[in-house]
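This report concerns only the one structure given below.
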Amino acid sequence: MDKFDSFRHQGLRQKLVKLLREKGIADERVLSAIAKIPRHFFLDSALDRHAYDDKAIPIAAGQTISQPYTVAMQTQLLQVVPGEKVLEIGTGSGYQAAVLCEMGASLFSIERQQELHAFAKKMLGKMGYKPHLIFGDGFAGIPEEAPFSKIIVTCGAASLPQALLEQLAVGGRMVIPVGGESVQQMYVVERLNEHDFKQIKYGMCSFVPMLQGVQNNS
Ligand code: SAH
């Protein structure tokens, strides 16, 4: 069924943006992307009325669409500049990808669950966004498209994936939750030169785990 962005949805979205501001999100470009993108398009219709709660919500394949505050915070930390080459690991519903496209990123996004990859491809296409969506294992990154100015990982990694560090441009930054299966800490990793990286640690967060390999249910 085609999705519709009603005045009620738009009103709830404005309230969500106000809440994100109160919680400390200050980047106007992030806030206006969130104000514009119908988050309910990325959810099952049965969960429609929760689409603008500041909560993570279940999507297909046992995964979740990240909490809006988390999306806003990770995107703010990423400091995307229009035209920049960005790699996302964990396309999931495609919502974070829509936010990055709306902000002008030239986006490559990898998802290991075939079902989610297919949904995101269809929905983002319908909405007029043109990211490069790849069904595969994000641990490998995309060597043939490297280097990336920015890398955003939206699943929890046990440690910093080596291939992603290698594919980060000098002067680039990666935003990645690092830690255990249920709780991680948000890291920003800056590449200073060919060999050196600087790590800055932010608050605790909770993402679904970054897993090896792919899952093909189709
Ligand atoms: N950015 C998504 C968040 C989805 S949750 C959104 O806006 O909805 C994280 C996603 O990471 C899940 O869909 C999960 O399947 C995916 N994931 C986990 N490990 C991965 C890997 N190694 N490569 C690619 N995707 C992975």
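Scheme for the structure tokens: letters A, B, ... for chains in order shown; per-chain residue numbers from 1; ligand numbers from 1 in order shown.
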(message) How would you report the residues lying within 6 Å of ligand 1, as a ChimeraX atom specification, if you count only C-alpha atoms and all ligand atoms?
(response) /A:63-66,89-96,110-113,137-139,154-155,208-212
Go ahead and save the picked residues with N, CA and C atoms, as a PDB file, in the first residue's frame.
```pdb
ATOM      1  N   GLN A  63      15.444  -6.908  13.269  1.00  0.00           N
ATOM      2  CA  GLN A  63      16.319  -5.742  13.437  1.00  0.00           C
ATOM      3  C   GLN A  63      15.498  -4.561  13.938  1.00  0.00           C
ATOM      4  N   THR A  64      16.135  -3.406  14.141  1.00  0.00           N
ATOM      5  CA  THR A  64      15.397  -2.220  14.587  1.00  0.00           C
ATOM      6  C   THR A  64      15.813  -1.000  13.771  1.00  0.00           C
ATOM      7  N   ILE A  65      14.863  -0.061  13.646  1.00  0.00           N
ATOM      8  CA  ILE A  65      15.176   1.261  13.106  1.00  0.00           C
ATOM      9  C   ILE A  65      15.662   2.047  14.329  1.00  0.00           C
ATOM     10  N   SER A  66      16.815   2.698  14.234  1.00  0.00           N
ATOM     11  CA  SER A  66      17.398   3.360  15.405  1.00  0.00           C
ATOM     12  C   SER A  66      16.476   4.452  15.944  1.00  0.00           C
ATOM     13  N   ILE A  89      27.180   1.390   7.144  1.00  0.00           N
ATOM     14  CA  ILE A  89      27.076  -0.055   7.361  1.00  0.00           C
ATOM     15  C   ILE A  89      25.798  -0.298   8.162  1.00  0.00           C
ATOM     16  N   GLY A  90      24.875  -1.069   7.573  1.00  0.00           N
ATOM     17  CA  GLY A  90      23.594  -1.356   8.232  1.00  0.00           C
ATOM     18  C   GLY A  90      22.486  -0.473   7.685  1.00  0.00           C
ATOM     19  N   THR A  91      22.097  -0.707   6.412  1.00  0.00           N
ATOM     20  CA  THR A  91      21.026   0.098   5.780  1.00  0.00           C
ATOM     21  C   THR A  91      19.733  -0.033   6.571  1.00  0.00           C
ATOM     22  N   GLY A  92      19.445  -1.249   7.064  1.00  0.00           N
ATOM     23  CA  GLY A  92      18.225  -1.503   7.834  1.00  0.00           C
ATOM     24  C   GLY A  92      16.997  -1.066   7.059  1.00  0.00           C
ATOM     25  N   SER A  93      16.165  -0.230   7.677  1.00  0.00           N
ATOM     26  CA  SER A  93      14.948   0.251   7.030  1.00  0.00           C
ATOM     27  C   SER A  93      15.249   1.212   5.882  1.00  0.00           C
ATOM     28  N   GLY A  94      16.405   1.876   5.935  1.00  0.00           N
ATOM     29  CA  GLY A  94      16.738   2.903   4.941  1.00  0.00           C
ATOM     30  C   GLY A  94      16.534   4.317   5.469  1.00  0.00           C
ATOM     31  N   TYR A  95      16.040   4.455   6.702  1.00  0.00           N
ATOM     32  CA  TYR A  95      15.738   5.798   7.223  1.00  0.00           C
ATOM     33  C   TYR A  95      16.996   6.659   7.383  1.00  0.00           C
ATOM     34  N   GLN A  96      18.023   6.101   8.027  1.00  0.00           N
ATOM     35  CA  GLN A  96      19.272   6.859   8.196  1.00  0.00           C
ATOM     36  C   GLN A  96      19.862   7.217   6.818  1.00  0.00           C
ATOM     37  N   ILE A 110      25.548  -0.539   2.961  1.00  0.00           N
ATOM     38  CA  ILE A 110      25.586  -2.008   2.891  1.00  0.00           C
ATOM     39  C   ILE A 110      24.660  -2.616   3.949  1.00  0.00           C
ATOM     40  N   GLU A 111      23.897  -3.633   3.549  1.00  0.00           N
ATOM     41  CA  GLU A 111      23.030  -4.357   4.484  1.00  0.00           C
ATOM     42  C   GLU A 111      23.230  -5.861   4.278  1.00  0.00           C
ATOM     43  N   ARG A 112      23.295  -6.614   5.389  1.00  0.00           N
ATOM     44  CA  ARG A 112      23.533  -8.060   5.299  1.00  0.00           C
ATOM     45  C   ARG A 112      22.246  -8.888   5.262  1.00  0.00           C
ATOM     46  N   GLN A 113      21.092  -8.250   5.525  1.00  0.00           N
ATOM     47  CA  GLN A 113      19.800  -8.950   5.474  1.00  0.00           C
ATOM     48  C   GLN A 113      19.145  -8.618   4.134  1.00  0.00           C
ATOM     49  N   ASP A 137      28.312  -7.987   3.188  1.00  0.00           N
ATOM     50  CA  ASP A 137      28.833  -7.943   4.558  1.00  0.00           C
ATOM     51  C   ASP A 137      29.652  -6.670   4.755  1.00  0.00           C
ATOM     52  N   GLY A 138      29.161  -5.814   5.630  1.00  0.00           N
ATOM     53  CA  GLY A 138      29.799  -4.518   5.862  1.00  0.00           C
ATOM     54  C   GLY A 138      31.219  -4.601   6.406  1.00  0.00           C
ATOM     55  N   PHE A 139      31.593  -5.753   6.961  1.00  0.00           N
ATOM     56  CA  PHE A 139      32.968  -5.881   7.476  1.00  0.00           C
ATOM     57  C   PHE A 139      33.996  -5.679   6.359  1.00  0.00           C
ATOM     58  N   THR A 154      25.870   1.604  11.801  1.00  0.00           N
ATOM     59  CA  THR A 154      24.641   1.686  12.596  1.00  0.00           C
ATOM     60  C   THR A 154      24.310   0.342  13.248  1.00  0.00           C
ATOM     61  N   CYS A 155      25.343  -0.473  13.487  1.00  0.00           N
ATOM     62  CA  CYS A 155      25.195  -1.687  14.289  1.00  0.00           C
ATOM     63  C   CYS A 155      26.409  -1.724  15.223  1.00  0.00           C
ATOM     64  N   VAL A 208      21.735  -3.107  17.576  1.00  0.00           N
ATOM     65  CA  VAL A 208      21.796  -4.548  17.276  1.00  0.00           C
ATOM     66  C   VAL A 208      23.238  -4.848  16.848  1.00  0.00           C
ATOM     67  N   PRO A 209      23.704  -6.088  17.062  1.00  0.00           N
ATOM     68  CA  PRO A 209      25.121  -6.365  16.793  1.00  0.00           C
ATOM     69  C   PRO A 209      25.496  -6.388  15.308  1.00  0.00           C
ATOM     70  N   MET A 210      26.751  -6.015  15.039  1.00  0.00           N
ATOM     71  CA  MET A 210      27.325  -6.153  13.694  1.00  0.00           C
ATOM     72  C   MET A 210      27.740  -7.610  13.536  1.00  0.00           C
ATOM     73  N   LEU A 211      27.149  -8.298  12.557  1.00  0.00           N
ATOM     74  CA  LEU A 211      27.374  -9.733  12.385  1.00  0.00           C
ATOM     75  C   LEU A 211      28.108 -10.024  11.084  1.00  0.00           C
ATOM     76  N   GLN A 212      28.833 -11.146  11.070  1.00  0.00           N
ATOM     77  CA  GLN A 212      29.579 -11.559   9.868  1.00  0.00           C
ATOM     78  C   GLN A 212      28.644 -12.203   8.856  1.00  0.00           C
TER      79      GLN A 212
END
```
(request) Name the residues in contact with range 189-198 of chain A at a cut-off of 6 Å, using only C-alpha atoms, excluding same-chain residues fewer than 5 positions from it; report them as a ChimeraX atom specification. (result) /A:170-174
(message) Need the shell around Leu100 in chain A: protein/DNA/RNA residues with any atom at most 9 Å away, counting only C-alpha atoms. Skip same-chain ones fewer than 2 positions apart. Format as a ChimeraX atom specification?
(response) /A:30,33,75,80,86,95-98,102-107
Since we have the selection now, will you write its residues out, keeping N, CA and C atoms, as a CSV table (one decimal), in the first residue's frame?
```csv
chain,number,residue,atom,x,y,z
A,30,VAL,N,20.8,18.7,10.2
A,30,VAL,CA,20.3,17.4,10.6
A,30,VAL,C,18.8,17.5,11.0
A,33,ALA,N,16.5,17.8,7.9
A,33,ALA,CA,16.4,16.5,7.2
A,33,ALA,C,15.3,15.7,8.0
A,75,THR,N,24.4,11.4,13.1
A,75,THR,CA,24.6,12.2,11.9
A,75,THR,C,25.3,13.5,12.2
A,80,VAL,N,28.5,15.7,7.9
A,80,VAL,CA,28.4,15.5,6.4
A,80,VAL,C,28.4,16.8,5.7
A,86,VAL,N,30.1,9.0,1.3
A,86,VAL,CA,29.8,8.5,2.7
A,86,VAL,C,29.4,7.0,2.5
A,95,TYR,N,16.0,4.5,6.7
A,95,TYR,CA,15.7,5.8,7.2
A,95,TYR,C,17.0,6.7,7.4
A,96,GLN,N,18.0,6.1,8.0
A,96,GLN,CA,19.3,6.9,8.2
A,96,GLN,C,19.9,7.2,6.8
A,97,ALA,N,19.7,6.3,5.9
A,97,ALA,CA,20.2,6.6,4.5
A,97,ALA,C,19.5,7.8,3.9
A,98,ALA,N,18.1,7.8,4.1
A,98,ALA,CA,17.4,9.0,3.6
A,98,ALA,C,17.9,10.3,4.2
A,102,GLU,N,19.4,13.2,2.0
A,102,GLU,CA,18.7,14.6,2.1
A,102,GLU,C,19.7,15.6,2.4
A,103,MET,N,20.8,15.3,3.1
A,103,MET,CA,21.8,16.2,3.5
A,103,MET,C,22.9,16.3,2.4
A,104,GLY,N,22.7,15.7,1.3
A,104,GLY,CA,23.5,15.8,0.1
A,104,GLY,C,24.7,14.9,0.0
A,105,ALA,N,24.7,13.8,0.9
A,105,ALA,CA,25.8,12.8,0.8
A,105,ALA,C,25.7,12.0,-0.5
A,106,SER,N,26.8,11.7,-1.0
A,106,SER,CA,26.9,10.7,-2.1
A,106,SER,C,27.0,9.3,-1.4
A,107,LEU,N,25.9,8.6,-1.2
A,107,LEU,CA,25.9,7.5,-0.2
A,107,LEU,C,26.0,6.1,-0.8
```
(message) Could you tell me how far CA of Ile59 in chain A sits from CA of Leu43 in chain A, in Å to one decimal place?
(response) 6.5 Å
(request) Find the residue from A:Gln199, A:Gln14, A:Ser109, A:Gln185 that sits nearest to Gln74 in chain A; use only C-alpha atoms when measuring. (result) A:Gln185
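Among A:Thr70, A:Lys126, A:Cys101, A:His50, the residue with the shortest atom-to-atom distance to Met204 in chain A, counting only C-alpha atoms, is A:Thr70.
Between CA of Glu166 in chain A and CA of Leu77 in chain A lies a distance of 20.0 Å.
Here the question is which of A:Ala146, A:Ile37, A:Leu16, A:Val183 gets nearest to Lys85 in chain A using only C-alpha atoms, and that residue is A:Ala146.
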(request) Name the closest residue to Leu133 in chain A among the candidates A:Asp2, A:Glu88, A:Asp44, A:Asp54; distances are taken between atoms, counting only C-alpha atoms. (result) A:Glu88
(message) Using only C-alpha atoms, which protein or nucleic acid residues come within 9 Å of Leu78 in chain A? Drop anything in the same chain fewer than 6 positions from it, and give the result as JSON, numbers by chain.
(response) {"A": [150, 151, 152, 173, 174, 175, 188]}
Keeping only N, CA and C atoms, write those residues as a PDB file, in the first residue's frame.
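Output file again-v3.pdb follows:
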```pdb
ATOM      1  N   LYS A 150      33.509   9.909   4.907  1.00  0.00           N
ATOM      2  CA  LYS A 150      32.830   9.611   6.165  1.00  0.00           C
ATOM      3  C   LYS A 150      32.341   8.170   6.138  1.00  0.00           C
ATOM      4  N   ILE A 151      32.386   7.524   7.305  1.00  0.00           N
ATOM      5  CA  ILE A 151      31.807   6.181   7.450  1.00  0.00           C
ATOM      6  C   ILE A 151      30.938   6.177   8.702  1.00  0.00           C
ATOM      7  N   ILE A 152      29.696   5.693   8.554  1.00  0.00           N
ATOM      8  CA  ILE A 152      28.794   5.594   9.708  1.00  0.00           C
ATOM      9  C   ILE A 152      28.368   4.129   9.848  1.00  0.00           C
ATOM     10  N   ARG A 173      36.298  10.960   8.845  1.00  0.00           N
ATOM     11  CA  ARG A 173      35.874  10.474  10.174  1.00  0.00           C
ATOM     12  C   ARG A 173      34.849   9.359  10.078  1.00  0.00           C
ATOM     13  N   MET A 174      34.954   8.471  11.065  1.00  0.00           N
ATOM     14  CA  MET A 174      34.030   7.335  11.154  1.00  0.00           C
ATOM     15  C   MET A 174      33.298   7.423  12.493  1.00  0.00           C
ATOM     16  N   VAL A 175      31.980   7.236  12.452  1.00  0.00           N
ATOM     17  CA  VAL A 175      31.174   7.215  13.677  1.00  0.00           C
ATOM     18  C   VAL A 175      30.691   5.783  13.854  1.00  0.00           C
ATOM     19  N   VAL A 188      34.096   8.286  17.738  1.00  0.00           N
ATOM     20  CA  VAL A 188      34.411   8.987  16.498  1.00  0.00           C
ATOM     21  C   VAL A 188      35.888   8.713  16.245  1.00  0.00           C
TER      22      VAL A 188
END
```
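In this comparison, which uses only C-alpha atoms, the residue of A:Leu19, A:Met73, A:Ala120, A:Ala163 approaching Tyr187 in chain A most closely is A:Met73.
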